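Participant: Before I ask anything, let me first share the structure, which is written out below as structure tokens.
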Amino acid sequence: MSVTLDIKLKRANKVYHEGETVAGVITLSCKEAMQHHGISLSMEGIVNLQLSSKSVGVFEAFYNSVKPIQLISHNIEVAKAGKIPGGKTEIPFEFPLNAKGNKVLYETYHGVFVNIQYSLRCDLKRSLLAKDLSRNCEFIVHCQPQKAKVVPAPVNFTITPDTLQNIRERSLLPKFLIRGHLDATSCVISQPLTGEVVVEKSEVPIKSIELQLVRVETCGCAEGYARDATEIQNIQIAEGDVCHGLPIPIYMVFPRLFTCPTLETTNFKVGQ
């Protein structure tokens with residue numbers, strides 16, 4: 001017998017804040033009436049930590065500190081064992097979005113070594129001859145906006161061959177001078193990163209100017225930390241040999257799922 005199980009949230013964007021109510025419906029579709037052994041719904045928020053391959057085996061204590069951290073755990077019985085009528089059945093549900101005990105709800109974040117995820121799971125138990133059904137639905141948690149206004153502090157920068165790092169043959173690099181500024185280094189995550197860059201001089205023609213956003217994830221404990229930097233996104237802000245002395249605007253929107261407000265806890269840190 002064909003049965004379809006689904007979870008639908010009332011909010012189309014699936015974005016919630018702490019203290020709000022996560023509401024929706026469980027939908028069941030079947031052609032004929034069906035016996036079941038109970039329907040349950042659970043809400044879970046978990047931080048999963050993972051060590052990079054270069055850090056595995058460095059610290060024994062890492063293996064305890066990288067265990068999943070549970071932020072939310074709720075479970076309700078939606079329906080007792082019984083029969084579902086043929087056709088489409090909708091069962092409404094509501095969950096308060098509150099942290100477990102003294103835990104804090106962190107913003108949803110999909111990183112490489114740190115993953116913060118919130119999800120709903122519905123389980124429908126059936127007889128031994130029929131396979132149990134389950135359905136997962138991820139929802140997004142955003143932090144409440146800061147009430148205190150952030151005062152932007154512009155930062156100037158200069159790039160020359162001498163300021164570059166991790167360069168082996170510095171003498172082989174062409175001479176160039178690039179100046180610019182960022183309007184702020186402490187940014188509201190819902191606002192874009194802005195600024196300007198100016199190519200003052202360059203011995204060789206420029207092919208492209210790109211801006212790279214990097215995440216820095218740190219996992220560990222008191223014995224030591226493993227710190228890894230990985231690229232989130234790379235955008236092109238200029239193409240070809242740009243005019244020297246011409247200000248080029250910098251405008252980068254932060255991708256919400258893959259960035260989060262700077263976060264620092266006992267076992268992990270995330271920064272951009």
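If you're wondering about the labels, chains in the structure tokens are A, B, ... by order shown, residues count from 1 in each chain, ligands from 1 in order shown.
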For segment 47-52 of chain A, list every protein, DNA or RNA residue within 8 Å, evaluated using only C-alpha atoms, and leave out those in the same chain fewer than 3 positions away; present the list as a PyMOL selection string.
Facilitator: chain A and resi 55-56+66-71+112-117+219+226+228+268
Participant: Just C-alpha atoms for this one: save the residues we selected as a CSV table (one decimal), in the first residue's frame.
Facilitator:
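Below is the file that was written, result35.csv:
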chain,number,residue,atom,x,y,z
A,55,SER,CA,44.3,17.0,13.3
A,56,VAL,CA,43.1,13.4,13.9
A,66,VAL,CA,34.0,16.5,19.3
A,67,LYS,CA,30.9,14.6,20.4
A,68,PRO,CA,27.6,16.1,19.2
A,69,ILE,CA,26.3,18.9,21.4
A,70,GLN,CA,22.5,18.8,21.9
A,71,LEU,CA,20.8,22.2,22.0
A,112,VAL,CA,33.1,22.1,7.0
A,113,PHE,CA,34.1,21.1,10.5
A,114,VAL,CA,31.3,22.8,12.5
A,115,ASN,CA,27.7,22.1,11.6
A,116,ILE,CA,24.7,23.6,13.6
A,117,GLN,CA,21.4,22.1,12.4
A,219,CYS,CA,37.5,22.7,17.3
A,226,ALA,CA,42.6,22.5,15.6
A,228,ASP,CA,41.1,25.3,9.8
A,268,PHE,CA,34.4,25.4,19.1
Participant: Could you give me, as number ranges by chain, each residue of segment 44-199 of chain A that DSSP assigns to strand (DSSP E) when run on this structure's backbone?
Facilitator: A: 44-49, 69-79, 82-84, 87-96, 109-110, 114-124, 133-141, 155-159, 176-182, 193-199
Participant: Identify which of the residues A:Gly245, A:Gly220, A:Gly111, A:Gly19 lies closest to Lys201 of chain A, counting only C-alpha atoms when measuring atom-to-atom distances.
Facilitator: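 Answer, going by the shortest atom-to-atom distance: A:Gly245.
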Participant: When you draw a straight line from atom CA of Tyr118 of chain A to atom CA of Val214 of chain A, how long is it in Å?
Facilitator: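 We find that atom CA of Tyr118 of chain A and atom CA of Val214 of chain A lie 23.8 Å from each other.
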Participant: Which one of A:Val216, A:Cys187, A:Cys137, A:Ala79 sits closest to Glu231 of chain A if you count only C-alpha atoms?
Facilitator: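 Answer, going by the shortest atom-to-atom distance: A:Val216.
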Participant: Looking at only C-alpha atoms, which of A:Ile237, A:Leu257, A:Ile91, A:Val155 is the one that sits closest to Val141 of chain A?
Facilitator: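 Between A:Ile237, A:Leu257, A:Ile91, A:Val155, the residue approaching Val141 of chain A most closely is A:Leu257.
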Participant: Please list as a list of chain:residue names every residue within 8 Å of Ile39 of chain A, counting only C-alpha atoms and excluding residues in the same chain fewer than 4 positions away.
Facilitator: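 Final neighbour list, sorted by chain and number: A:Glu77, A:Val78, A:Ala79, A:Lys80, A:Ala81, A:Cys122, A:Asp123, A:Leu124, A:Lys125.
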Participant: Between atom CA of Glu94 of chain A and atom CA of Ala33 of chain A, measure the distance and give it in Å to one decimal.
Facilitator: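 Answer for the atom CA of Glu94 of chain A to atom CA of Ala33 of chain A separation: 26.0 Å.
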Participant: Would you pick out the contacts of Lys131 of chain A at 12 Å or less, using only C-alpha atoms, so that residues sharing its chain but fewer than 2 positions from it are not included, and give the list as a PDB file with N, CA, C and O atoms, in the first residue's frame?
Facilitator:
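Output file out16.pdb is given in full below:
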ATOM      1  N   MET A   1       0.858  -1.201   0.000  1.00  0.00           N
ATOM      2  CA  MET A   1       0.000   0.000   0.000  1.00  0.00           C
ATOM      3  C   MET A   1       0.892   1.249   0.000  1.00  0.00           C
ATOM      4  O   MET A   1       1.804   1.363   0.798  1.00  0.00           O
ATOM      5  N   SER A   2       0.617   2.157  -0.941  1.00  0.00           N
ATOM      6  CA  SER A   2       1.418   3.371  -1.069  1.00  0.00           C
ATOM      7  C   SER A   2       0.960   4.430  -0.059  1.00  0.00           C
ATOM      8  O   SER A   2      -0.222   4.797  -0.031  1.00  0.00           O
ATOM      9  N   VAL A   3       1.909   4.876   0.769  1.00  0.00           N
ATOM     10  CA  VAL A   3       1.616   5.906   1.772  1.00  0.00           C
ATOM     11  C   VAL A   3       2.668   7.010   1.654  1.00  0.00           C
ATOM     12  O   VAL A   3       3.862   6.732   1.543  1.00  0.00           O
ATOM     13  N   HIS A  36      -1.861   1.640  11.842  1.00  0.00           N
ATOM     14  CA  HIS A  36      -0.503   2.052  12.244  1.00  0.00           C
ATOM     15  C   HIS A  36      -0.345   1.814  13.743  1.00  0.00           C
ATOM     16  O   HIS A  36      -1.318   1.613  14.475  1.00  0.00           O
ATOM     17  N   HIS A  37       0.902   1.826  14.205  1.00  0.00           N
ATOM     18  CA  HIS A  37       1.199   1.545  15.613  1.00  0.00           C
ATOM     19  C   HIS A  37       1.646   2.802  16.363  1.00  0.00           C
ATOM     20  O   HIS A  37       2.340   2.703  17.374  1.00  0.00           O
ATOM     21  N   ASP A 123       7.929  10.042  12.733  1.00  0.00           N
ATOM     22  CA  ASP A 123       8.027   8.585  12.579  1.00  0.00           C
ATOM     23  C   ASP A 123       6.634   7.969  12.652  1.00  0.00           C
ATOM     24  O   ASP A 123       5.875   8.247  13.582  1.00  0.00           O
ATOM     25  N   LEU A 124       6.340   7.141  11.681  1.00  0.00           N
ATOM     26  CA  LEU A 124       5.074   6.408  11.654  1.00  0.00           C
ATOM     27  C   LEU A 124       5.402   4.918  11.739  1.00  0.00           C
ATOM     28  O   LEU A 124       6.066   4.368  10.856  1.00  0.00           O
ATOM     29  N   LYS A 125       4.970   4.282  12.830  1.00  0.00           N
ATOM     30  CA  LYS A 125       5.274   2.866  13.041  1.00  0.00           C
ATOM     31  C   LYS A 125       4.158   2.004  12.458  1.00  0.00           C
ATOM     32  O   LYS A 125       2.972   2.294  12.648  1.00  0.00           O
ATOM     33  N   ARG A 126       4.597   0.955  11.762  1.00  0.00           N
ATOM     34  CA  ARG A 126       3.625   0.049  11.154  1.00  0.00           C
ATOM     35  C   ARG A 126       3.901  -1.389  11.596  1.00  0.00           C
ATOM     36  O   ARG A 126       4.840  -1.641  12.352  1.00  0.00           O
ATOM     37  N   SER A 127       3.098  -2.311  11.129  1.00  0.00           N
ATOM     38  CA  SER A 127       3.254  -3.718  11.506  1.00  0.00           C
ATOM     39  C   SER A 127       4.570  -4.274  10.982  1.00  0.00           C
ATOM     40  O   SER A 127       5.250  -3.647  10.160  1.00  0.00           O
ATOM     41  N   LEU A 128       4.929  -5.467  11.438  1.00  0.00           N
ATOM     42  CA  LEU A 128       6.210  -6.071  11.055  1.00  0.00           C
ATOM     43  C   LEU A 128       6.328  -6.277   9.549  1.00  0.00           C
ATOM     44  O   LEU A 128       7.424  -6.223   8.993  1.00  0.00           O
ATOM     45  N   LEU A 129       5.215  -6.525   8.900  1.00  0.00           N
ATOM     46  CA  LEU A 129       5.253  -6.805   7.454  1.00  0.00           C
ATOM     47  C   LEU A 129       5.418  -5.534   6.622  1.00  0.00           C
ATOM     48  O   LEU A 129       5.803  -5.596   5.458  1.00  0.00           O
ATOM     49  N   LEU A 133       7.716   4.345   8.400  1.00  0.00           N
ATOM     50  CA  LEU A 133       7.975   5.546   7.596  1.00  0.00           C
ATOM     51  C   LEU A 133       8.560   6.644   8.470  1.00  0.00           C
ATOM     52  O   LEU A 133       8.202   6.771   9.647  1.00  0.00           O
ATOM     53  N   SER A 134       9.455   7.441   7.907  1.00  0.00           N
ATOM     54  CA  SER A 134       9.990   8.597   8.636  1.00  0.00           C
ATOM     55  C   SER A 134      10.253   9.719   7.644  1.00  0.00           C
ATOM     56  O   SER A 134      10.525   9.476   6.464  1.00  0.00           O
TER      57      SER A 134
END
Participant: Pick out the residues sitting within 10 Å of segment 190-196 of chain A, and hand them over as a PyMOL selection string; count only C-alpha atoms, and ignore anything fewer than 3 positions along from it in its own chain.
Facilitator: chain A and resi 145+154-156+179-187+246-256+260-261
Participant: At a cut-off of 8 Å, using only C-alpha atoms, what residues contact Val25 of chain A? Leave out same-chain residues fewer than 4 positions from it and give the result as an mmCIF file with N, CA and C atoms, in the first residue's frame.
Facilitator:
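Dumped to around_39.cif:
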data_model
loop_
_atom_site.group_PDB
_atom_site.id
_atom_site.type_symbol
_atom_site.label_atom_id
_atom_site.label_comp_id
_atom_site.auth_asym_id
_atom_site.auth_seq_id
_atom_site.Cartn_x
_atom_site.Cartn_y
_atom_site.Cartn_z
ATOM 1 N N ILE A 7 6.154 16.671 6.169
ATOM 2 C CA ILE A 7 6.053 17.711 7.201
ATOM 3 C C ILE A 7 6.049 19.060 6.496
ATOM 4 N N LYS A 8 5.046 19.875 6.752
ATOM 5 C CA LYS A 8 4.954 21.202 6.137
ATOM 6 C C LYS A 8 4.891 22.258 7.230
ATOM 7 N N LEU A 9 5.808 23.226 7.171
ATOM 8 C CA LEU A 9 5.823 24.324 8.141
ATOM 9 C C LEU A 9 4.957 25.467 7.641
ATOM 10 N N LYS A 10 4.395 26.227 8.574
ATOM 11 C CA LYS A 10 3.519 27.345 8.200
ATOM 12 C C LYS A 10 4.302 28.463 7.519
ATOM 13 N N GLU A 90 -4.394 15.630 7.575
ATOM 14 C CA GLU A 90 -3.464 16.641 8.088
ATOM 15 C C GLU A 90 -3.568 16.709 9.606
ATOM 16 N N ILE A 91 -2.415 16.613 10.273
ATOM 17 C CA ILE A 91 -2.365 16.680 11.734
ATOM 18 C C ILE A 91 -1.535 17.903 12.128
ATOM 19 N N PRO A 92 -2.150 18.941 12.728
ATOM 20 C CA PRO A 92 -1.390 20.144 13.095
ATOM 21 C C PRO A 92 -0.496 19.883 14.308
ATOM 22 N N PHE A 93 0.613 20.650 14.389
ATOM 23 C CA PHE A 93 1.518 20.540 15.541
ATOM 24 C C PHE A 93 2.132 21.898 15.857
#
Participant: May I have the residues within 8 Å of Val242 of chain A as a VMD selection string, using only C-alpha atoms and disregarding those fewer than 3 positions away in the same chain?
Facilitator: chain A and resid 199 206 238 to 239 246
Participant: Take the residues just selected and output them with N, CA and C atoms as an mmCIF file, in the first residue's frame.
Facilitator:
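Listing of out23.cif after writing:
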data_model
loop_
_atom_site.group_PDB
_atom_site.id
_atom_site.type_symbol
_atom_site.label_atom_id
_atom_site.label_comp_id
_atom_site.auth_asym_id
_atom_site.auth_seq_id
_atom_site.Cartn_x
_atom_site.Cartn_y
_atom_site.Cartn_z
ATOM 1 N N VAL A 199 43.525 50.358 -7.828
ATOM 2 C CA VAL A 199 44.820 49.920 -8.353
ATOM 3 C C VAL A 199 45.614 51.175 -8.691
ATOM 4 N N ILE A 206 46.338 43.623 -15.551
ATOM 5 C CA ILE A 206 45.515 42.855 -14.609
ATOM 6 C C ILE A 206 44.456 42.092 -15.392
ATOM 7 N N ALA A 238 36.046 42.900 -10.540
ATOM 8 C CA ALA A 238 36.539 43.612 -11.730
ATOM 9 C C ALA A 238 37.129 42.600 -12.698
ATOM 10 N N GLU A 239 36.978 42.885 -13.998
ATOM 11 C CA GLU A 239 37.525 42.005 -15.026
ATOM 12 C C GLU A 239 38.361 42.814 -15.999
ATOM 13 N N LEU A 246 41.252 54.404 -10.390
ATOM 14 C CA LEU A 246 39.785 54.414 -10.413
ATOM 15 C C LEU A 246 39.239 53.570 -9.249
#
